[in-house]
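These notes are about the structure you will find just below.
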Amino acid sequence: MADFDQRLAPEFFDRVQARVRAQMAEEGFDAFLTDHPEDIAYLTGFFHHPSERPVAIWIEATGRIVMLLPELEREYADSQSARAELVAFFEYPGVVAPFEVLAGAVTPRGRVGFASTMPYQRLSAAQAAMGQAALVPSDLITRIRYVKFPEEVALHREAARVTDRMLDAGVQLVAEAVAAGGELPTEAELERHVTATGTRIMYAEHRNVVVASLLAGGLVYSGANSAFPHGLPSVNRLKAGDTFMLSLGCAIGGRFIEGERTFVLGEPTAEQRRYHDTIHAAQLRGRETIRAGLECREANRLCLDVIRDAGLGEFIRHRQGHGIGLGMHEAPWLEDGDATLLQEGMVVSNEPGIYVPGHAGYRISDSMLVTATGAEPLTAFPRSLDDCIIAL
């Protein structure tokens, strides 16, 4: 029975907008402009396919919120009950440029923040149309998105449950192929199977499925291919003795989760056990140390020092993790260059990895909810090597 509703109530967006206005007042903005699709979904509940035709939000400190969009998107925005006043332009580039249409509707003046992610071409168009306003770059909405509302946490939890089932499905497909004695799946076949599992669960068990940039899927790679941290699935067929990685995730109501595990096909060698045990220990250190009040860069150091202390630092290719929300990868960054303090209500990945050229990659990832007392892993699939061996 489809009893989980992915669509958030309209009142949720009123609270989001109130939070944004409060921060605007604190930072001295009369209005704020953003065209980032994730910001638009966050502020209004409108998910769309980005194109050359701009969609943008104008939010005023006094209470008004306006969405600029092409006329062809108006009915779609209405169907999603977008929580904003709609101002439409007919086409792009248009006889009257889109941002001129917006400027005519809102009469921009004063100190106006704009999302620092805004492309130069659109920023130039907005500046030309809003000459009486002082446009100032700001990451205000990005920072506000760090801490999740309870309704968002519920979406992340459901995404974690589905991701764990996708991991189960991947392991089951390989195990069944082993038991049948025939060919093992290719990376691409395995990726298609886990993706189909995730989407099938959603459409069977959820109402109002929100199709975000990625509904379900991930990276699947084996053997030497897995030594590329973000290698795409190939036609490489799994074989006995392989290390292989399922780097999976999905979005529920537009809120992402990732869950990644590294498996071994058959009895592990001493080398495979050393590598896997090391990242398992580093990932456990991350689960034990992520907490409110800790700097992202310190969380990263504590986690990756486990790998360095094991003598495997040369195989580190990336940071401990990153923020997760309406984007699979978003700020803050658990990396040496980010001094952001972790806060209760953030969701971040904890995904240390090592990558041995010509051999394999090893990575374990959980999406972590930062709590008042530490952090809770939302994904729960077993992590130890003994739990990630597929017997032959």
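So you can find residues: chains in the structure tokens are A, B, ... in the order shown, residues in each start at 1, and ligands are numbered from 1 in order.
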
Nearby residues (only C-alpha atoms) at most 10 Å from Gly218 (chain A), same-chain spacing under 6 positions excluded, as an mmCIF file with all heavy atoms, in the first residue's frame:
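Okay, out_33.cif is ready:
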data_model
loop_
_atom_site.group_PDB
_atom_site.id
_atom_site.type_symbol
_atom_site.label_atom_id
_atom_site.label_comp_id
_atom_site.auth_asym_id
_atom_site.auth_seq_id
_atom_site.Cartn_x
_atom_site.Cartn_y
_atom_site.Cartn_z
ATOM 1 N N GLU A 191 24.163 -2.287 -12.017
ATOM 2 C CA GLU A 191 23.679 -0.919 -11.789
ATOM 3 C C GLU A 191 22.216 -0.792 -12.206
ATOM 4 O O GLU A 191 21.408 -0.183 -11.501
ATOM 5 C CB GLU A 191 24.558 0.066 -12.562
ATOM 6 C CG GLU A 191 24.274 1.531 -12.245
ATOM 7 C CD GLU A 191 23.160 2.130 -13.085
ATOM 8 O OE1 GLU A 191 22.923 1.610 -14.195
ATOM 9 O OE2 GLU A 191 22.515 3.098 -12.632
ATOM 10 N N ARG A 192 21.851 -1.360 -13.341
ATOM 11 C CA ARG A 192 20.462 -1.280 -13.785
ATOM 12 C C ARG A 192 19.527 -1.990 -12.804
ATOM 13 O O ARG A 192 18.413 -1.523 -12.541
ATOM 14 C CB ARG A 192 20.318 -1.892 -15.188
ATOM 15 C CG ARG A 192 20.859 -1.019 -16.309
ATOM 16 C CD ARG A 192 20.331 -1.463 -17.663
ATOM 17 N NE ARG A 192 20.761 -2.827 -17.985
ATOM 18 C CZ ARG A 192 21.893 -3.127 -18.617
ATOM 19 N NH1 ARG A 192 22.731 -2.154 -18.977
ATOM 20 N NH2 ARG A 192 22.197 -4.378 -18.909
ATOM 21 N N VAL A 194 19.923 -2.499 -9.449
ATOM 22 C CA VAL A 194 19.709 -1.790 -8.180
ATOM 23 C C VAL A 194 18.909 -0.506 -8.410
ATOM 24 O O VAL A 194 18.103 -0.114 -7.557
ATOM 25 C CB VAL A 194 21.044 -1.497 -7.463
ATOM 26 C CG1 VAL A 194 21.722 -2.803 -7.057
ATOM 27 C CG2 VAL A 194 21.986 -0.646 -8.311
ATOM 28 N N THR A 195 19.119 0.134 -9.563
ATOM 29 C CA THR A 195 18.338 1.330 -9.875
ATOM 30 C C THR A 195 16.857 0.976 -10.010
ATOM 31 O O THR A 195 15.983 1.658 -9.459
ATOM 32 C CB THR A 195 18.847 1.973 -11.167
ATOM 33 O OG1 THR A 195 20.201 2.409 -10.979
ATOM 34 C CG2 THR A 195 17.987 3.167 -11.560
ATOM 35 N N HIS A 230 35.208 7.801 -8.917
ATOM 36 C CA HIS A 230 33.900 8.052 -9.508
ATOM 37 C C HIS A 230 33.810 7.430 -10.897
ATOM 38 O O HIS A 230 33.189 7.988 -11.806
ATOM 39 C CB HIS A 230 33.606 9.554 -9.577
ATOM 40 C CG HIS A 230 33.205 10.143 -8.265
ATOM 41 N ND1 HIS A 230 33.113 11.503 -8.045
ATOM 42 C CD2 HIS A 230 32.856 9.565 -7.089
ATOM 43 C CE1 HIS A 230 32.742 11.738 -6.790
ATOM 44 N NE2 HIS A 230 32.585 10.577 -6.201
ATOM 45 N N LEU A 232 32.501 5.247 -13.921
ATOM 46 C CA LEU A 232 31.148 4.884 -14.334
ATOM 47 C C LEU A 232 31.056 3.384 -14.587
ATOM 48 O O LEU A 232 32.046 2.742 -14.964
ATOM 49 C CB LEU A 232 30.766 5.660 -15.591
ATOM 50 C CG LEU A 232 30.723 7.184 -15.433
ATOM 51 C CD1 LEU A 232 30.446 7.848 -16.780
ATOM 52 C CD2 LEU A 232 29.679 7.594 -14.412
ATOM 53 N N PRO A 233 29.868 2.785 -14.394
ATOM 54 C CA PRO A 233 29.699 1.353 -14.654
ATOM 55 C C PRO A 233 30.065 1.017 -16.100
ATOM 56 O O PRO A 233 29.778 1.778 -17.028
ATOM 57 C CB PRO A 233 28.209 1.115 -14.383
ATOM 58 C CG PRO A 233 27.806 2.224 -13.456
ATOM 59 C CD PRO A 233 28.631 3.407 -13.866
ATOM 60 N N LEU A 246 29.474 -1.124 -4.447
ATOM 61 C CA LEU A 246 28.145 -0.607 -4.733
ATOM 62 C C LEU A 246 28.043 0.747 -4.057
ATOM 63 O O LEU A 246 27.978 0.838 -2.835
ATOM 64 C CB LEU A 246 27.065 -1.551 -4.198
ATOM 65 C CG LEU A 246 27.021 -2.966 -4.784
ATOM 66 C CD1 LEU A 246 25.906 -3.779 -4.129
ATOM 67 C CD2 LEU A 246 26.832 -2.929 -6.296
ATOM 68 N N SER A 247 28.050 1.802 -4.867
ATOM 69 C CA SER A 247 27.974 3.178 -4.377
ATOM 70 C C SER A 247 26.600 3.715 -4.768
ATOM 71 O O SER A 247 26.426 4.254 -5.852
ATOM 72 C CB SER A 247 29.098 4.015 -5.005
ATOM 73 O OG SER A 247 28.961 5.376 -4.674
ATOM 74 N N LEU A 248 25.625 3.548 -3.875
ATOM 75 C CA LEU A 248 24.225 3.717 -4.246
ATOM 76 C C LEU A 248 23.554 4.846 -3.478
ATOM 77 O O LEU A 248 24.072 5.321 -2.468
ATOM 78 C CB LEU A 248 23.455 2.409 -4.004
ATOM 79 C CG LEU A 248 24.067 1.155 -4.628
ATOM 80 C CD1 LEU A 248 23.190 -0.057 -4.354
ATOM 81 C CD2 LEU A 248 24.309 1.325 -6.121
ATOM 82 N N GLY A 249 22.402 5.239 -3.959
ATOM 83 C CA GLY A 249 21.643 6.265 -3.267
ATOM 84 C C GLY A 249 20.336 6.534 -3.980
ATOM 85 O O GLY A 249 20.063 6.002 -5.065
ATOM 86 N N CYS A 250 19.503 7.363 -3.348
ATOM 87 C CA CYS A 250 18.238 7.744 -3.958
ATOM 88 C C CYS A 250 17.769 9.043 -3.326
ATOM 89 O O CYS A 250 18.366 9.532 -2.355
ATOM 90 C CB CYS A 250 17.188 6.647 -3.782
ATOM 91 S SG CYS A 250 16.654 6.379 -2.087
ATOM 92 N N GLU A 258 23.087 8.634 0.498
ATOM 93 C CA GLU A 258 23.988 7.702 -0.165
ATOM 94 C C GLU A 258 24.415 6.628 0.835
ATOM 95 O O GLU A 258 24.542 6.877 2.030
ATOM 96 C CB GLU A 258 25.215 8.401 -0.753
ATOM 97 C CG GLU A 258 26.140 9.038 0.250
ATOM 98 C CD GLU A 258 27.360 9.663 -0.424
ATOM 99 O OE1 GLU A 258 27.197 10.388 -1.435
ATOM 100 O OE2 GLU A 258 28.482 9.441 0.072
ATOM 101 N N GLY A 259 24.565 5.431 0.320
ATOM 102 C CA GLY A 259 25.064 4.311 1.109
ATOM 103 C C GLY A 259 25.985 3.487 0.234
ATOM 104 O O GLY A 259 25.588 3.055 -0.855
ATOM 105 N N GLU A 260 27.216 3.306 0.678
ATOM 106 C CA GLU A 260 28.214 2.631 -0.155
ATOM 107 C C GLU A 260 28.884 1.521 0.646
ATOM 108 O O GLU A 260 29.238 1.712 1.815
ATOM 109 C CB GLU A 260 29.274 3.628 -0.629
ATOM 110 C CG GLU A 260 28.689 4.790 -1.407
ATOM 111 C CD GLU A 260 29.693 5.914 -1.655
ATOM 112 O OE1 GLU A 260 30.685 6.006 -0.911
ATOM 113 O OE2 GLU A 260 29.458 6.691 -2.586
#

* Determine which residues of region 131-374 of chain A DSSP labels as strand (DSSP E) from the backbone of this structure, then write them out as JSON, numbers by chain. => {"A": [133, 134, 135, 136, 137, 138, 206, 207, 216, 217, 218, 219, 220, 221, 222, 243, 244, 245, 246, 247, 248, 249, 250, 251, 252, 255, 256, 257, 258, 259, 260, 261, 262, 263, 264, 265, 321, 322, 323, 330, 331, 332, 333, 334, 347, 348, 349, 350, 353, 354, 355, 356, 360, 361, 362, 363, 366, 367, 368, 369, 370]}

Find the spatial neighbours of Ala224 (chain A), counting only C-alpha atoms, within a cut-off of 9 Å - ignore same-chain residues fewer than 3 positions away - and output them as a compact mmCIF listing (two decimals) with N, CA, C and O atoms, in the first residue's frame.
# COMPACT_ATOMS: atom_id res chain seq x y z
N TYR A 221 31.25 -0.65 -9.65
CA TYR A 221 32.49 -0.95 -10.35
C TYR A 221 33.24 -2.05 -9.62
O TYR A 221 33.08 -2.26 -8.42
N ALA A 227 39.23 1.35 -8.66
CA ALA A 227 40.29 2.25 -8.20
C ALA A 227 40.08 3.68 -8.70
O ALA A 227 40.82 4.58 -8.30
N PHE A 228 39.09 3.88 -9.58
CA PHE A 228 38.69 5.23 -9.99
C PHE A 228 37.54 5.65 -9.07
O PHE A 228 36.45 5.08 -9.16
N ASP A 242 37.25 -10.81 -7.19
CA ASP A 242 37.13 -9.36 -7.35
C ASP A 242 36.76 -8.66 -6.05
O ASP A 242 35.96 -9.16 -5.26
N THR A 243 37.34 -7.48 -5.88
CA THR A 243 36.76 -6.47 -5.01
C THR A 243 35.77 -5.69 -5.86
O THR A 243 36.08 -5.32 -6.99
N VAL A 356 43.80 1.80 -4.88
CA VAL A 356 45.10 1.22 -5.21
C VAL A 356 45.14 0.99 -6.71
O VAL A 356 44.44 0.09 -7.23
N PRO A 357 45.90 1.79 -7.45
CA PRO A 357 45.91 1.68 -8.91
C PRO A 357 46.22 0.26 -9.38
O PRO A 357 47.13 -0.40 -8.85
N GLY A 358 45.44 -0.21 -10.35
CA GLY A 358 45.64 -1.53 -10.90
C GLY A 358 45.07 -2.65 -10.07
O GLY A 358 45.02 -3.80 -10.52
N HIS A 359 44.63 -2.34 -8.86
CA HIS A 359 44.06 -3.38 -7.99
C HIS A 359 42.57 -3.12 -7.75
O HIS A 359 41.71 -3.80 -8.31
N ALA A 360 42.23 -2.15 -6.90
CA ALA A 360 40.83 -1.91 -6.56
C ALA A 360 40.71 -0.68 -5.67
O ALA A 360 41.70 -0.17 -5.13
N GLY A 361 39.49 -0.26 -5.48
CA GLY A 361 39.16 0.78 -4.52
C GLY A 361 38.34 0.20 -3.39
O GLY A 361 37.64 -0.81 -3.55

* List the neighbours of region 29-36 of chain A out to 7 Å using only C-alpha atoms; skip same-chain residues closer than 5 positions along the sequence, and give me the result as a ChimeraX atom specification. => /A:24,55-61,110-115,118

* Residues of region 119-208 of chain A in helix (DSSP H, G or I) according to DSSP, as a ChimeraX atom specification? -> /A:120-129,140-144,150-180,187-205

Restricting the output to C-alpha atoms, write the selected residues as a JSON list (two decimals), in the first residue's frame.
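This went into selection_21.json:
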[["chain", "number", "residue", "atom", "x", "y", "z"],
["A", 120, "TYR", "CA", 27.54, 34.97, -15.04],
["A", 121, "GLN", "CA", 25.18, 35.31, -18.03],
["A", 122, "ARG", "CA", 22.10, 35.33, -15.80],
["A", 123, "LEU", "CA", 23.71, 37.57, -13.21],
["A", 124, "SER", "CA", 24.57, 40.09, -15.94],
["A", 125, "ALA", "CA", 20.98, 39.98, -17.20],
["A", 126, "ALA", "CA", 19.64, 40.52, -13.68],
["A", 127, "GLN", "CA", 22.03, 43.42, -13.05],
["A", 128, "ALA", "CA", 21.03, 45.08, -16.32],
["A", 129, "ALA", "CA", 17.34, 44.78, -15.44],
["A", 140, "LEU", "CA", 22.81, 32.72, 2.64],
["A", 141, "ILE", "CA", 20.37, 30.08, 1.35],
["A", 142, "THR", "CA", 23.12, 27.49, 1.06],
["A", 143, "ARG", "CA", 23.91, 27.98, 4.76],
["A", 144, "ILE", "CA", 20.25, 27.89, 5.75],
["A", 150, "PRO", "CA", 12.04, 17.45, 10.96],
["A", 151, "GLU", "CA", 10.00, 16.83, 7.79],
["A", 152, "GLU", "CA", 13.22, 16.73, 5.78],
["A", 153, "VAL", "CA", 14.82, 14.31, 8.22],
["A", 154, "ALA", "CA", 11.84, 11.99, 7.72],
["A", 155, "LEU", "CA", 12.46, 12.07, 3.95],
["A", 156, "HIS", "CA", 16.17, 11.32, 4.46],
["A", 157, "ARG", "CA", 15.30, 8.38, 6.73],
["A", 158, "GLU", "CA", 13.01, 6.89, 4.11],
["A", 159, "ALA", "CA", 15.66, 7.40, 1.43],
["A", 160, "ALA", "CA", 18.12, 5.53, 3.68],
["A", 161, "ARG", "CA", 15.69, 2.63, 4.05],
["A", 162, "VAL", "CA", 15.29, 2.38, 0.28],
["A", 163, "THR", "CA", 19.07, 2.64, -0.25],
["A", 164, "ASP", "CA", 19.66, -0.25, 2.15],
["A", 165, "ARG", "CA", 17.17, -2.32, 0.15],
["A", 166, "MET", "CA", 19.02, -1.42, -3.04],
["A", 167, "LEU", "CA", 22.24, -2.70, -1.49],
["A", 168, "ASP", "CA", 20.44, -5.90, -0.48],
["A", 169, "ALA", "CA", 19.18, -6.32, -4.04],
["A", 170, "GLY", "CA", 22.65, -5.91, -5.51],
["A", 171, "VAL", "CA", 24.14, -8.53, -3.22],
["A", 172, "GLN", "CA", 21.24, -10.88, -3.91],
["A", 173, "LEU", "CA", 21.67, -10.59, -7.69],
["A", 174, "VAL", "CA", 25.36, -11.51, -7.45],
["A", 175, "ALA", "CA", 24.73, -14.33, -4.96],
["A", 176, "GLU", "CA", 22.00, -15.80, -7.15],
["A", 177, "ALA", "CA", 24.29, -15.71, -10.18],
["A", 178, "VAL", "CA", 27.00, -17.51, -8.19],
["A", 179, "ALA", "CA", 24.50, -20.17, -7.05],
["A", 180, "ALA", "CA", 23.27, -20.67, -10.61],
["A", 187, "GLU", "CA", 28.83, -3.66, -13.68],
["A", 188, "ALA", "CA", 26.21, -2.09, -15.95],
["A", 189, "GLU", "CA", 23.74, -4.95, -15.43],
["A", 190, "LEU", "CA", 24.19, -4.70, -11.67],
["A", 191, "GLU", "CA", 23.68, -0.92, -11.79],
["A", 192, "ARG", "CA", 20.46, -1.28, -13.79],
["A", 193, "HIS", "CA", 19.16, -3.87, -11.32],
["A", 194, "VAL", "CA", 19.71, -1.79, -8.18],
["A", 195, "THR", "CA", 18.34, 1.33, -9.87],
["A", 196, "ALA", "CA", 15.18, -0.52, -10.91],
["A", 197, "THR", "CA", 14.84, -1.86, -7.38],
["A", 198, "GLY", "CA", 14.92, 1.63, -5.88],
["A", 199, "THR", "CA", 12.41, 3.14, -8.28],
["A", 200, "ARG", "CA", 10.10, 0.09, -8.04],
["A", 201, "ILE", "CA", 9.98, 0.42, -4.24],
["A", 202, "MET", "CA", 9.08, 4.10, -4.47],
["A", 203, "TYR", "CA", 6.25, 3.70, -6.96],
["A", 204, "ALA", "CA", 4.87, 0.70, -5.03],
["A", 205, "GLU", "CA", 5.10, 2.18, -1.54]]

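Pairwise distance (CA of Arg274 (chain A), CA of Ile307 (chain A)) equals 10.9 Å.
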
* Asked: Within 9 Å of region 62-67 of chain A, counting only C-alpha atoms, which residues qualify if same-chain residues fewer than 5 places away don't, as a list in words?
  -> Gln17, Ala18, Arg21, Asp30, Ala31, Ile40, Thr44, Val55, Ala56, Ile57, Ala82, Arg83, Ala84, Glu85, Leu86, Val87, Ala88, Leu102, Ala105 and Val106 of chain A

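Shortest separation to Leu369 (chain A) among A:Glu267, A:Glu344, A:Glu73, A:Glu27 occurs at residue A:Glu344, atoms counted being only C-alpha atoms.
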
* To do: May I have the residues within 6 Å of region 275-284 of chain A as a PyMOL selection string, using only C-alpha atoms and disregarding those fewer than 3 positions away in the same chain?
  => chain A and resi 272+287+303+306

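A straight line drawn from CA of Tyr362 (chain A) to CA of Met245 (chain A) is 7.3 Å long.
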
* To do: Just the residues within 9 Å of Ala375 (chain A), please, counting only C-alpha atoms, with nothing from its chain fewer than 5 positions along; format it as a list in words.
  => Arg287, Glu288, Thr289, Ile290, Arg291, Ala292, Glu344, Met368, Leu369 and Val370 of chain A

Could you turn the residues from that selection into a file that holds C-alpha atoms, as a short mmCIF file (atom, residue, chain, number, x, y, z; two decimals), in the first residue's frame?
data_model
loop_
_atom_site.label_atom_id
_atom_site.label_comp_id
_atom_site.auth_asym_id
_atom_site.auth_seq_id
_atom_site.Cartn_x
_atom_site.Cartn_y
_atom_site.Cartn_z
CA ARG A 287 30.88 7.62 13.11
CA GLU A 288 32.32 8.02 16.60
CA THR A 289 33.64 11.58 16.20
CA ILE A 290 31.15 13.48 14.01
CA ARG A 291 29.21 15.73 16.40
CA ALA A 292 27.75 19.19 16.76
CA GLU A 344 22.58 19.36 15.08
CA MET A 368 24.96 10.67 9.07
CA LEU A 369 22.42 12.79 10.93
CA VAL A 370 24.26 15.09 13.33
#

* What is the distance between CA of Glu71 (chain A) and CA of Val101 (chain A), in Å to one decimal? -> 11.9 Å
